>>> print(open('start39.txt').read())   # compact mmCIF, C-alpha atoms and all ligand atoms
# COMPACT_ATOMS: atom_id res chain seq x y z
CA MET G 1 56.15 86.32 -54.71
CA LYS G 2 59.94 86.00 -55.05
CA ASN G 3 61.97 85.79 -51.89
CA ASP G 4 63.98 88.95 -52.55
CA LYS G 5 60.75 90.93 -52.75
CA LYS G 6 59.73 89.82 -49.29
CA TYR G 7 59.44 92.25 -46.43
CA ASP G 8 61.88 91.60 -43.61
CA TYR G 9 59.05 91.92 -41.08
CA LEU G 10 55.29 91.75 -41.25
CA ILE G 11 54.11 93.49 -38.08
CA VAL G 12 50.57 92.60 -37.07
CA GLY G 13 49.25 95.50 -34.98
CA ALA G 14 49.91 99.25 -35.27
CA GLY G 15 49.71 99.75 -31.49
CA LEU G 16 52.55 101.14 -29.40
CA PHE G 17 54.48 97.84 -29.40
CA GLY G 18 54.27 97.37 -33.16
CA ALA G 19 55.08 101.03 -33.83
CA VAL G 20 58.23 101.05 -31.66
CA PHE G 21 59.45 97.79 -33.18
CA ALA G 22 58.73 99.04 -36.72
CA HIS G 23 60.62 102.27 -36.05
CA GLU G 24 63.68 100.43 -34.76
CA ALA G 25 63.63 97.88 -37.58
CA LYS G 26 63.39 100.67 -40.15
CA LEU G 27 66.36 102.44 -38.56
CA ALA G 28 68.31 99.21 -38.94
CA GLY G 29 67.50 99.18 -42.66
CA LYS G 30 64.77 96.54 -42.52
CA ARG G 31 61.71 96.64 -44.77
CA CYS G 32 58.56 96.40 -42.71
CA LEU G 33 54.86 96.19 -43.42
CA VAL G 34 52.53 97.03 -40.54
CA ILE G 35 48.91 95.91 -40.75
CA ASP G 36 46.05 96.66 -38.36
CA LYS G 37 42.47 95.47 -38.41
CA ARG G 38 41.26 98.80 -37.03
CA GLU G 39 40.71 101.84 -39.19
CA HIS G 40 43.34 103.84 -37.31
CA ARG G 41 46.86 103.45 -35.97
CA GLY G 42 47.86 103.59 -32.32
CA GLY G 43 45.96 100.62 -30.89
CA ASN G 44 44.54 101.52 -27.50
CA ILE G 45 46.40 104.81 -27.14
CA TYR G 46 44.61 106.25 -30.18
CA CYS G 47 42.73 109.52 -29.60
CA GLU G 48 39.86 110.80 -31.68
CA ASN G 49 39.78 114.55 -32.22
CA VAL G 50 36.28 115.73 -31.36
CA ASP G 51 35.83 119.47 -31.96
CA GLY G 52 39.45 120.15 -31.06
CA ILE G 53 39.56 117.88 -27.99
CA ASN G 54 41.66 114.69 -28.00
CA VAL G 55 39.28 111.99 -26.78
CA HIS G 56 41.00 108.87 -25.40
CA LYS G 57 38.77 106.35 -27.20
CA TYR G 58 39.98 103.24 -25.39
CA GLY G 59 40.38 104.58 -21.87
CA ALA G 60 42.31 107.45 -20.32
CA HIS G 61 46.06 107.21 -20.86
CA ILE G 62 48.61 109.07 -18.76
CA PHE G 63 52.25 108.54 -19.57
CA HIS G 64 54.37 107.99 -16.47
CA THR G 65 57.71 106.28 -15.96
CA ASP G 66 60.70 105.95 -13.72
CA ASP G 67 62.83 104.73 -16.58
CA LYS G 68 65.00 107.60 -17.83
CA ASP G 69 65.94 105.77 -21.03
CA VAL G 70 62.29 105.26 -21.96
CA TRP G 71 61.51 108.90 -21.10
CA GLN G 72 64.34 110.11 -23.33
CA TYR G 73 63.25 107.71 -26.04
CA VAL G 74 59.66 109.03 -26.23
CA ASN G 75 60.84 112.63 -25.98
CA GLN G 76 62.61 112.18 -29.33
CA PHE G 77 59.21 111.92 -30.96
CA VAL G 78 56.98 114.27 -28.95
CA GLU G 79 57.20 116.81 -26.20
CA PHE G 80 55.15 116.22 -23.08
CA ASN G 81 53.06 118.71 -21.12
CA ARG G 82 53.20 118.95 -17.32
CA TYR G 83 49.98 117.02 -16.67
CA THR G 84 50.08 115.31 -13.29
CA ASN G 85 47.36 112.82 -12.53
CA CYS G 86 45.41 113.81 -9.40
CA PRO G 87 42.18 111.82 -9.50
CA VAL G 88 39.33 112.72 -7.20
CA ALA G 89 36.91 110.13 -5.75
CA ASN G 90 33.21 110.85 -5.36
CA TYR G 91 31.47 108.77 -2.70
CA LYS G 92 27.83 109.61 -2.07
CA GLY G 93 28.39 113.17 -3.28
CA LYS G 94 31.41 113.87 -1.08
CA LEU G 95 34.84 114.33 -2.69
CA TYR G 96 38.13 112.74 -1.59
CA ASN G 97 41.61 113.08 -3.04
CA LEU G 98 43.53 110.07 -4.30
CA PRO G 99 45.96 108.46 -3.74
CA PHE G 100 45.38 108.14 0.01
CA ASN G 101 47.17 111.17 1.40
CA MET G 102 46.79 113.89 4.03
CA ASN G 103 44.01 115.57 2.00
CA THR G 104 42.09 112.26 2.00
CA PHE G 105 42.61 111.73 5.74
CA TYR G 106 41.50 115.30 6.47
CA ALA G 107 38.29 114.82 4.42
CA LEU G 108 37.60 111.46 6.13
CA TRP G 109 38.44 112.26 9.74
CA GLY G 110 39.36 115.96 10.04
CA VAL G 111 42.93 115.01 11.09
CA LYS G 112 45.45 117.74 10.30
CA THR G 113 48.90 116.30 11.03
CA PRO G 114 50.71 113.15 9.89
CA ALA G 115 50.89 111.94 13.50
CA GLU G 116 47.12 112.28 13.90
CA ALA G 117 46.53 110.50 10.60
CA GLN G 118 48.86 107.63 11.49
CA ALA G 119 47.20 107.22 14.89
CA LYS G 120 43.76 107.15 13.22
CA ILE G 121 44.82 104.49 10.71
CA GLU G 122 46.32 102.36 13.51
CA GLU G 123 43.05 102.68 15.46
CA GLN G 124 41.08 101.63 12.34
CA ARG G 125 43.31 98.60 11.72
CA GLU G 126 43.13 97.53 15.35
CA GLU G 127 39.54 96.31 14.88
CA PHE G 128 40.75 93.70 12.35
CA ALA G 129 43.99 92.69 14.07
CA HIS G 130 42.50 89.23 14.68
CA ILE G 131 42.68 88.51 10.91
CA THR G 132 46.22 87.15 10.71
CA SER G 133 46.07 85.53 7.28
CA PRO G 134 43.56 87.37 5.07
CA LYS G 135 41.65 84.99 2.82
CA ASN G 136 40.33 87.51 0.32
CA LEU G 137 40.61 91.10 -0.85
CA GLU G 138 38.11 92.38 1.70
CA GLU G 139 39.97 90.90 4.66
CA GLN G 140 43.28 92.06 3.24
CA ALA G 141 42.05 95.65 2.80
CA LEU G 142 40.47 95.81 6.25
CA THR G 143 43.68 94.68 7.91
CA LEU G 144 45.66 97.26 5.94
CA CYS G 145 43.45 100.33 6.32
CA GLY G 146 40.37 99.60 8.43
CA LYS G 147 36.77 100.14 7.47
CA ASP G 148 36.45 103.89 6.73
CA ILE G 149 38.86 103.92 3.79
CA TYR G 150 37.78 100.45 2.66
CA TYR G 151 34.04 101.15 2.52
CA THR G 152 34.37 104.71 1.20
CA LEU G 153 37.08 104.35 -1.41
CA ILE G 154 37.88 100.72 -2.20
CA LYS G 155 35.04 98.20 -1.91
CA GLY G 156 32.49 99.63 -4.36
CA TYR G 157 35.05 100.60 -7.00
CA THR G 158 36.87 97.28 -6.87
CA GLU G 159 33.68 95.19 -6.99
CA LYS G 160 32.46 97.14 -10.02
CA GLN G 161 35.82 96.93 -11.72
CA TRP G 162 36.14 93.15 -11.38
CA GLY G 163 32.44 92.22 -11.38
CA ARG G 164 32.88 90.13 -8.23
CA ALA G 165 32.35 90.57 -4.50
CA ALA G 166 35.51 91.65 -2.69
CA THR G 167 35.19 88.51 -0.57
CA GLU G 168 35.62 86.45 -3.75
CA LEU G 169 38.63 88.35 -5.04
CA PRO G 170 42.14 87.15 -4.18
CA ALA G 171 43.97 88.99 -1.40
CA PHE G 172 47.14 89.42 -3.44
CA ILE G 173 45.53 92.18 -5.57
CA ILE G 174 46.16 94.60 -2.71
CA ARG G 175 49.06 93.32 -0.65
CA ARG G 176 50.11 96.91 -0.20
CA LEU G 177 48.17 100.15 -0.01
CA PRO G 178 50.27 103.21 -0.58
CA PHE G 179 49.61 105.79 2.15
CA ARG G 180 51.23 109.16 1.79
CA PHE G 181 51.54 111.35 4.84
CA THR G 182 51.97 114.56 2.86
CA PHE G 183 49.44 116.82 1.13
CA ASP G 184 50.46 115.48 -2.29
CA ASN G 185 47.70 114.39 -4.71
CA ASN G 186 50.03 113.12 -7.47
CA TYR G 187 48.74 109.60 -8.20
CA PHE G 188 52.05 108.25 -9.45
CA ASN G 189 55.41 108.04 -7.71
CA ASP G 190 57.36 108.06 -10.98
CA ALA G 191 59.94 110.72 -11.78
CA TYR G 192 58.51 111.51 -15.23
CA GLN G 193 54.90 112.11 -16.24
CA GLY G 194 52.81 113.96 -18.83
CA ILE G 195 50.62 113.84 -21.92
CA PRO G 196 52.17 114.23 -25.39
CA ILE G 197 51.67 117.74 -26.74
CA GLY G 198 49.48 117.20 -29.79
CA GLY G 199 48.16 113.94 -28.33
CA TYR G 200 49.20 110.29 -28.56
CA ASN G 201 48.52 110.13 -32.30
CA ALA G 202 51.51 112.43 -32.85
CA LEU G 203 53.73 109.94 -31.01
CA ILE G 204 52.49 107.04 -33.14
CA ASP G 205 52.67 109.01 -36.41
CA ASN G 206 56.26 110.00 -35.70
CA LEU G 207 57.23 106.44 -34.78
CA LEU G 208 55.67 105.14 -37.99
CA ASP G 209 57.05 107.91 -40.21
CA GLY G 210 58.35 106.26 -43.40
CA VAL G 211 56.94 102.82 -42.52
CA GLU G 212 54.34 101.19 -44.78
CA VAL G 213 51.08 100.80 -42.84
CA ARG G 214 47.87 99.21 -44.08
CA LEU G 215 44.71 99.70 -42.06
CA CYS G 216 41.46 97.68 -41.96
CA GLU G 217 43.43 94.49 -42.66
CA ASP G 218 42.88 91.53 -40.35
CA TYR G 219 45.72 89.01 -40.30
CA PHE G 220 43.29 86.14 -39.80
CA GLU G 221 41.37 86.96 -42.94
CA ASN G 222 44.31 86.09 -45.12
CA ARG G 223 46.76 84.37 -42.90
CA ARG G 224 48.54 82.30 -45.50
CA GLU G 225 49.09 85.22 -47.83
CA TYR G 226 50.39 87.42 -45.00
CA ASP G 227 52.80 84.73 -43.82
CA SER G 228 54.22 84.46 -47.31
CA ILE G 229 55.05 88.12 -47.81
CA ALA G 230 57.67 88.51 -45.08
CA HIS G 231 60.65 86.60 -43.76
CA LYS G 232 59.39 87.08 -40.21
CA THR G 233 56.13 88.02 -38.55
CA LEU G 234 55.81 90.01 -35.34
CA PHE G 235 52.35 89.26 -33.99
CA THR G 236 50.88 91.66 -31.37
CA GLY G 237 47.29 90.37 -31.36
CA CYS G 238 45.69 87.78 -29.05
CA ILE G 239 47.89 84.71 -28.67
CA ASP G 240 44.95 82.33 -28.02
CA ARG G 241 43.34 83.38 -31.30
CA TYR G 242 46.69 82.91 -33.08
CA TYR G 243 46.68 79.26 -32.03
CA ASP G 244 42.95 78.81 -32.73
CA TYR G 245 42.23 78.51 -28.99
CA LYS G 246 43.94 75.10 -28.88
CA CYS G 247 44.67 75.50 -25.17
CA GLY G 248 41.40 77.29 -24.41
CA HIS G 249 40.24 80.90 -24.33
CA LEU G 250 42.13 83.37 -22.16
CA ASP G 251 39.80 85.45 -19.95
CA TYR G 252 39.64 89.22 -19.91
CA ARG G 253 37.75 92.02 -18.21
CA SER G 254 36.27 94.45 -20.68
CA LEU G 255 35.11 98.07 -20.54
CA ARG G 256 32.37 100.05 -22.22
CA PHE G 257 32.75 103.75 -22.90
CA GLU G 258 29.95 106.27 -23.31
CA HIS G 259 31.22 109.53 -24.79
CA LYS G 260 29.20 112.75 -24.50
CA SER G 261 29.79 116.22 -25.95
CA LEU G 262 28.49 118.95 -23.68
CA ASP G 263 27.89 122.62 -24.22
CA VAL G 264 29.68 123.66 -21.06
CA SER G 265 33.30 124.67 -20.81
CA ASN G 266 34.14 122.78 -17.63
CA PHE G 267 32.04 119.85 -16.42
CA GLN G 268 33.93 118.47 -13.42
CA GLY G 269 37.10 120.55 -13.01
CA ASN G 270 39.39 117.52 -13.23
CA ALA G 271 40.38 114.97 -15.88
CA VAL G 272 39.51 111.95 -13.71
CA VAL G 273 36.72 111.55 -11.15
CA ASN G 274 36.21 108.03 -9.74
CA TYR G 275 32.80 106.98 -8.46
CA THR G 276 33.48 104.60 -5.61
CA GLU G 277 29.85 103.70 -4.71
CA ARG G 278 28.65 100.26 -5.80
CA ASP G 279 25.28 101.65 -6.90
CA VAL G 280 26.69 104.08 -9.45
CA PRO G 281 27.16 101.80 -12.50
CA TYR G 282 30.25 103.48 -13.96
CA THR G 283 33.66 103.56 -12.28
CA ARG G 284 34.80 106.95 -13.50
CA ILE G 285 34.08 109.99 -15.62
CA ILE G 286 36.91 111.34 -17.75
CA GLU G 287 36.87 114.96 -18.94
CA HIS G 288 39.45 114.81 -21.73
CA LYS G 289 40.26 118.51 -22.21
CA HIS G 290 41.87 118.68 -18.76
CA PHE G 291 44.67 116.33 -19.90
CA GLU G 292 45.81 119.15 -22.18
CA TYR G 293 44.62 122.24 -20.29
CA GLY G 294 41.98 122.84 -22.98
CA THR G 295 40.20 126.18 -23.02
CA GLN G 296 37.43 125.35 -25.53
CA PRO G 297 33.90 126.64 -24.76
CA HIS G 298 32.62 123.03 -24.94
CA THR G 299 33.76 119.72 -23.43
CA VAL G 300 33.73 115.96 -24.00
CA ILE G 301 33.25 113.52 -21.14
CA THR G 302 33.36 109.73 -21.04
CA TYR G 303 31.57 107.42 -18.65
CA GLU G 304 33.62 104.25 -18.11
CA TYR G 305 31.64 101.08 -17.36
CA PRO G 306 33.33 97.80 -16.50
CA ASP G 307 31.94 95.01 -18.66
CA GLU G 308 31.98 91.23 -18.95
CA TYR G 309 34.25 90.14 -21.78
CA ALA G 310 32.81 88.14 -24.68
CA GLU G 311 34.06 87.53 -28.19
CA GLY G 312 33.65 90.68 -30.27
CA LYS G 313 34.29 92.98 -27.27
CA GLU G 314 37.66 94.58 -26.52
CA PRO G 315 39.92 92.48 -24.29
CA TYR G 316 41.20 95.16 -21.87
CA TYR G 317 42.48 93.62 -18.65
CA PRO G 318 43.95 90.10 -18.57
CA ILE G 319 42.71 88.01 -15.64
CA ASN G 320 46.04 86.81 -14.34
CA ASP G 321 44.79 83.98 -12.13
CA GLU G 322 46.03 80.41 -11.92
CA VAL G 323 43.77 78.92 -14.62
CA ASN G 324 44.66 81.59 -17.17
CA GLY G 325 48.31 81.49 -16.15
CA LYS G 326 48.41 77.79 -16.99
CA LYS G 327 46.73 78.30 -20.37
CA TYR G 328 49.09 81.15 -21.22
CA ALA G 329 52.12 79.02 -20.25
CA ASP G 330 50.97 76.42 -22.79
CA TYR G 331 50.64 79.07 -25.51
CA LEU G 332 54.03 80.50 -24.59
CA ALA G 333 55.62 77.07 -24.99
CA MET G 334 54.20 76.86 -28.52
CA ALA G 335 55.33 80.42 -29.30
CA GLN G 336 58.88 79.62 -28.21
CA ARG G 337 59.06 76.81 -30.76
CA GLU G 338 58.24 79.13 -33.69
CA GLU G 339 61.07 80.02 -36.05
CA ASN G 340 59.61 82.77 -38.16
CA VAL G 341 57.07 84.28 -35.81
CA ILE G 342 57.78 86.42 -32.78
CA PHE G 343 55.24 87.72 -30.29
CA GLY G 344 55.02 90.96 -28.37
CA GLY G 345 52.68 93.49 -26.78
CA ARG G 346 49.94 93.21 -24.19
CA LEU G 347 47.69 90.78 -26.11
CA ALA G 348 50.33 88.34 -27.30
CA THR G 349 52.07 88.15 -23.92
CA TYR G 350 48.84 88.32 -21.87
CA VAL G 351 50.00 91.03 -19.47
CA TYR G 352 48.76 94.36 -18.25
CA ALA G 353 51.64 96.60 -19.29
CA ASP G 354 51.80 100.36 -18.92
CA MET G 355 53.03 102.30 -21.94
CA ASP G 356 56.57 102.62 -20.59
CA ASP G 357 56.78 98.84 -20.05
CA THR G 358 55.43 98.29 -23.55
CA ILE G 359 58.10 100.55 -25.05
CA ALA G 360 60.87 98.93 -23.00
CA ALA G 361 59.71 95.44 -24.07
CA ALA G 362 59.53 96.45 -27.75
CA LEU G 363 63.04 97.91 -27.57
CA ARG G 364 64.35 94.71 -25.95
CA LEU G 365 62.83 92.59 -28.69
CA ALA G 366 64.18 94.93 -31.37
CA ASN G 367 67.68 94.75 -29.87
CA GLU G 368 67.51 90.98 -29.85
CA GLN G 369 66.19 90.71 -33.40
CA LEU G 370 68.51 93.32 -34.86
CA ASN G 371 71.54 91.98 -32.99
CA ARG G 372 72.10 95.21 -31.09
CA HIS G 373 73.44 95.06 -27.57
P1 LIG K 401 47.35 97.52 -28.46
O1 LIG K 401 47.38 98.96 -28.22
O2 LIG K 401 46.22 96.73 -28.04
O3 LIG K 401 47.72 97.24 -29.98
C1 LIG K 401 47.51 96.00 -30.61
C2 LIG K 401 47.03 96.29 -32.02
O4 LIG K 401 46.98 95.04 -32.74
C3 LIG K 401 45.64 96.90 -32.07
O5 LIG K 401 45.65 98.09 -32.83
C4 LIG K 401 44.80 95.81 -32.75
O6 LIG K 401 43.77 96.34 -33.58
C5 LIG K 401 45.85 95.09 -33.59
N1 LIG K 401 45.46 93.71 -33.91
C6 LIG K 401 45.11 92.73 -33.06
N2 LIG K 401 44.79 91.60 -33.73
C7 LIG K 401 44.96 91.88 -35.05
C8 LIG K 401 44.78 91.13 -36.24
N3 LIG K 401 44.32 89.87 -36.21
N4 LIG K 401 45.04 91.71 -37.43
C9 LIG K 401 45.46 93.01 -37.49
N5 LIG K 401 45.64 93.77 -36.39
C10 LIG K 401 45.40 93.22 -35.18
N6 LIG K 401 49.35 102.71 -19.80
C11 LIG K 401 49.93 103.78 -19.23
O7 LIG K 401 51.16 103.88 -19.26
N7 LIG K 401 49.18 104.77 -18.65
C12 LIG K 401 47.83 104.71 -18.58
O8 LIG K 401 47.19 105.62 -18.04
C13 LIG K 401 47.18 103.57 -19.15
N8 LIG K 401 45.85 103.48 -19.12
C14 LIG K 401 45.25 102.37 -19.63
C15 LIG K 401 43.88 102.26 -19.52
C16 LIG K 401 43.24 101.14 -20.00
C17 LIG K 401 41.75 101.04 -19.90
C18 LIG K 401 44.01 100.07 -20.55
C19 LIG K 401 43.34 98.80 -21.02
C20 LIG K 401 45.38 100.19 -20.69
C21 LIG K 401 46.03 101.33 -20.22
N9 LIG K 401 47.40 101.48 -20.34
C22 LIG K 401 48.00 102.57 -19.78
C23 LIG K 401 48.24 100.47 -21.05
C24 LIG K 401 48.45 100.79 -22.56
O9 LIG K 401 47.19 100.84 -23.18
C25 LIG K 401 49.34 99.70 -23.19
O10 LIG K 401 50.62 99.71 -22.60
C26 LIG K 401 49.56 99.82 -24.71
O11 LIG K 401 48.45 100.30 -25.40
C27 LIG K 401 49.93 98.46 -25.27
O12 LIG K 401 50.22 98.54 -26.65
P2 LIG K 401 50.18 97.24 -27.57
O13 LIG K 401 50.72 97.63 -28.89
O14 LIG K 401 50.79 96.09 -26.87
O15 LIG K 401 48.63 96.84 -27.67
N1 LIG K 402 40.95 101.33 -6.69
C1 LIG K 402 40.03 101.58 -5.69
N2 LIG K 402 39.44 102.81 -5.64
C2 LIG K 402 39.70 103.80 -6.54
C3 LIG K 402 40.66 103.53 -7.54
C4 LIG K 402 41.26 102.29 -7.60
O1 LIG K 402 39.75 100.72 -4.87
O2 LIG K 402 39.11 104.89 -6.45
C5 LIG K 402 41.59 99.97 -6.76
C6 LIG K 402 40.75 99.00 -7.59
O3 LIG K 402 40.84 97.71 -7.00
C7 LIG K 402 41.44 99.02 -8.95
C8 LIG K 402 42.90 99.20 -8.53
O4 LIG K 402 42.85 100.05 -7.37
O5 LIG K 402 41.22 97.83 -9.66
C9 LIG K 402 43.77 99.84 -9.61
O6 LIG K 402 43.16 101.04 -10.05
P1 LIG K 402 43.87 102.14 -10.93
O7 LIG K 402 42.85 103.18 -11.26
O8 LIG K 402 45.10 102.57 -10.25
O9 LIG K 402 44.35 101.35 -12.22
P2 LIG K 402 43.61 101.07 -13.59
O10 LIG K 402 42.28 100.47 -13.26
O11 LIG K 402 43.50 102.37 -14.32
O12 LIG K 402 44.52 100.11 -14.23
>>> encode(input="start39.txt", output="structure tokens", more="lines below")
Ligand code: FAD
Ligand code: UDP
Amino acid sequence: MKNDKKYDYLIVGAGLFGAVFAHEAKLAGKRCLVIDKREHRGGNIYCENVDGINVHKYGAHIFHTDDKDVWQYVNQFVEFNRYTNCPVANYKGKLYNLPFNMNTFYALWGVKTPAEAQAKIEEQREEFAHITSPKNLEEQALTLCGKDIYYTLIKGYTEKQWGRAATELPAFIIRRLPFRFTFDNNYFNDAYQGIPIGGYNALIDNLLDGVEVRLCEDYFENRREYDSIAHKTLFTGCIDRYYDYKCGHLDYRSLRFEHKSLDVSNFQGNAVVNYTERDVPYTRIIEHKHFEYGTQPHTVITYEYPDEYAEGKEPYYPINDEVNGKKYADYLAMAQREENVIFGGRLATYVYADMDDTIAAALRLANEQLNRH
């Protein structure tokens, strides 16, 4: 292929990062080709329409941000509804509001005022005041909130999520537990929140409007050919795979989803219900229609099971411990020496990034690449 026929950018991955970058590059007059190994665009924010309900195939996604620029940016492409995430926790059949707020404290202890709640939490913490330097997550949580909250709402969920005993998990995971002494069940503190009207696919489709996208194409199946068709490659897949695992495999925590269509109009009355008992094998049940105030006569629910990661499964949560941090640093050093390849997105930078962080990072990279300041 002649040089002048080359694309300016080959973008590996039609997820949110790749889509934002492609949009910006196109605006700057660059020719881009986006490829994705999946049969759909959108990466993990993709929704499958099941009988009129947008089903979040790769885990529930709620857009929330404190960054006004990012909020304005996404609002160019889609409008957002007023969905506010107010998850409920089910522990042994009893329901508690999250995040920890006056409704939670009332359900736990019957306390009715902030002063009563604060006094109760102090009393609960008192029992563990002798732990001055917590060695693990369990000790850290007990010193922060005492045993009622810990055993009812934290221990079982966390152990399921990470597949390890709380006494074997590092304390730093919960250095802080947000307590709210108001009757406010909004999970997030951010100024802006919602679900795109029409679903996340509308956001991705609008970002990729006018950009050439090829699906079911895996970069690794024809690496040499792909590298030759563009001046530069933006790679948003797994960085360890990119370098043939030269510095070892990066670890992940995976998830398994079980979707069910039910002939009832309202299964649980809320989009998200967490199951905080260790013995219930799933961590939460998602009822998708409630993200969009659906009024259909039927519903779709998803059981979310934490899962050990193995090759062939989806890498969902990076395990950002010391061993993996060291391996990633080695990959990053190699990446920084590349001239025609740039890396971005959650898999190539081995981070857990919310959607707003992903958009902000893609815009930063685009500004750098396109010489915009
Ligand atoms: P991805 O969406 O993973 O996109 C990468 C794409 O690259 C994929 O489509 C993949 O198929 C493709 N690809 C990889 N390798 C290749 C290859 N070799 N060849 C071709 N294509 C390839 N954020 C929020 O703000 N709110 C939430 O509520 C929220 N919930 C989440 C829940 C879960 C369970 C998880 C795991 C994440 C959640 N996030 C949430 C984060 C959000 O999913 C990410 O910010 C976002 O999806 C990252 O986009 P990305 O493009 O970096 O990655
Ligand atoms: N968590 C918990 N009980 C709950 C929900 C969350 O103890 O009912 C803890 C748990 O350790 C989890 C962390 O909070 O790993 C973050 O959970 P969240 O649902 O906020 O984030 P996500 O898992 O969706 O990234």
>>> atom_distance(input="start39.txt", atom1="atom CA of G:Asp263", atom2="atom CA of G:Asn201")
25.4 Å
>>> residues_near_ligand(input="start39.txt", ligand="ligand LIG 402 (chain K)", cutoff="8 Å", atoms="all atoms listed in the file", output="MDAnalysis selection string")
chainID G and resid 60 88:89 98 150 153:159 161:162 173:174 274:276
>>> write_last_selection(input="start39.txt", atoms="C-alpha atoms", output="compact mmCIF listing (two decimals), in the frame of the given file")
# COMPACT_ATOMS: atom_id res chain seq x y z
CA ALA G 60 42.31 107.45 -20.32
CA VAL G 88 39.33 112.72 -7.20
CA ALA G 89 36.91 110.13 -5.75
CA LEU G 98 43.53 110.07 -4.30
CA TYR G 150 37.78 100.45 2.66
CA LEU G 153 37.08 104.35 -1.41
CA ILE G 154 37.88 100.72 -2.20
CA LYS G 155 35.04 98.20 -1.91
CA GLY G 156 32.49 99.63 -4.36
CA TYR G 157 35.05 100.60 -7.00
CA THR G 158 36.87 97.28 -6.87
CA GLU G 159 33.68 95.19 -6.99
CA GLN G 161 35.82 96.93 -11.72
CA TRP G 162 36.14 93.15 -11.38
CA ILE G 173 45.53 92.18 -5.57
CA ILE G 174 46.16 94.60 -2.71
CA ASN G 274 36.21 108.03 -9.74
CA TYR G 275 32.80 106.98 -8.46
CA THR G 276 33.48 104.60 -5.61
>>> residues_near_ligand(input="start39.txt", ligand="ligand LIG 401 (chain K)", cutoff="7 Å", atoms="only C-alpha atoms and all ligand atoms", output="ChimeraX atom specification")
/G:12-18,35-38,41-45,58-64,217-220,236-238,316-317,344-347,352-358
>>> atom_distance(input="start39.txt", atom1="atom CA of G:Gly269", atom2="atom CA of G:Phe100")
19.8 Å
>>> closest_residue(input="start39.txt", among="G:Lys5, G:Phe181, G:Lys232, G:Tyr331", to="G:Val111", atoms="all atoms listed in the file")
G:Phe181
>>> atom_distance(input="start39.txt", atom1="atom CA of G:Cys145", atom2="atom CA of G:Pro114")
15.2 Å
>>> closest_residue(input="start39.txt", among="G:Asp209, G:Glu126, G:Glu292, G:Glu138", to="G:Val20", atoms="all atoms listed in the file")
G:Asp209
>>> axis_aligned_box(input="start39.txt", around="stretch 63-70 of chain G", padding_each_side="3 Å", output="AutoDock Vina command-line options")
--center_x 59.1 --center_y 106.6 --center_z -17.8 --size_x 19.7 --size_y 9.8 --size_z 14.2
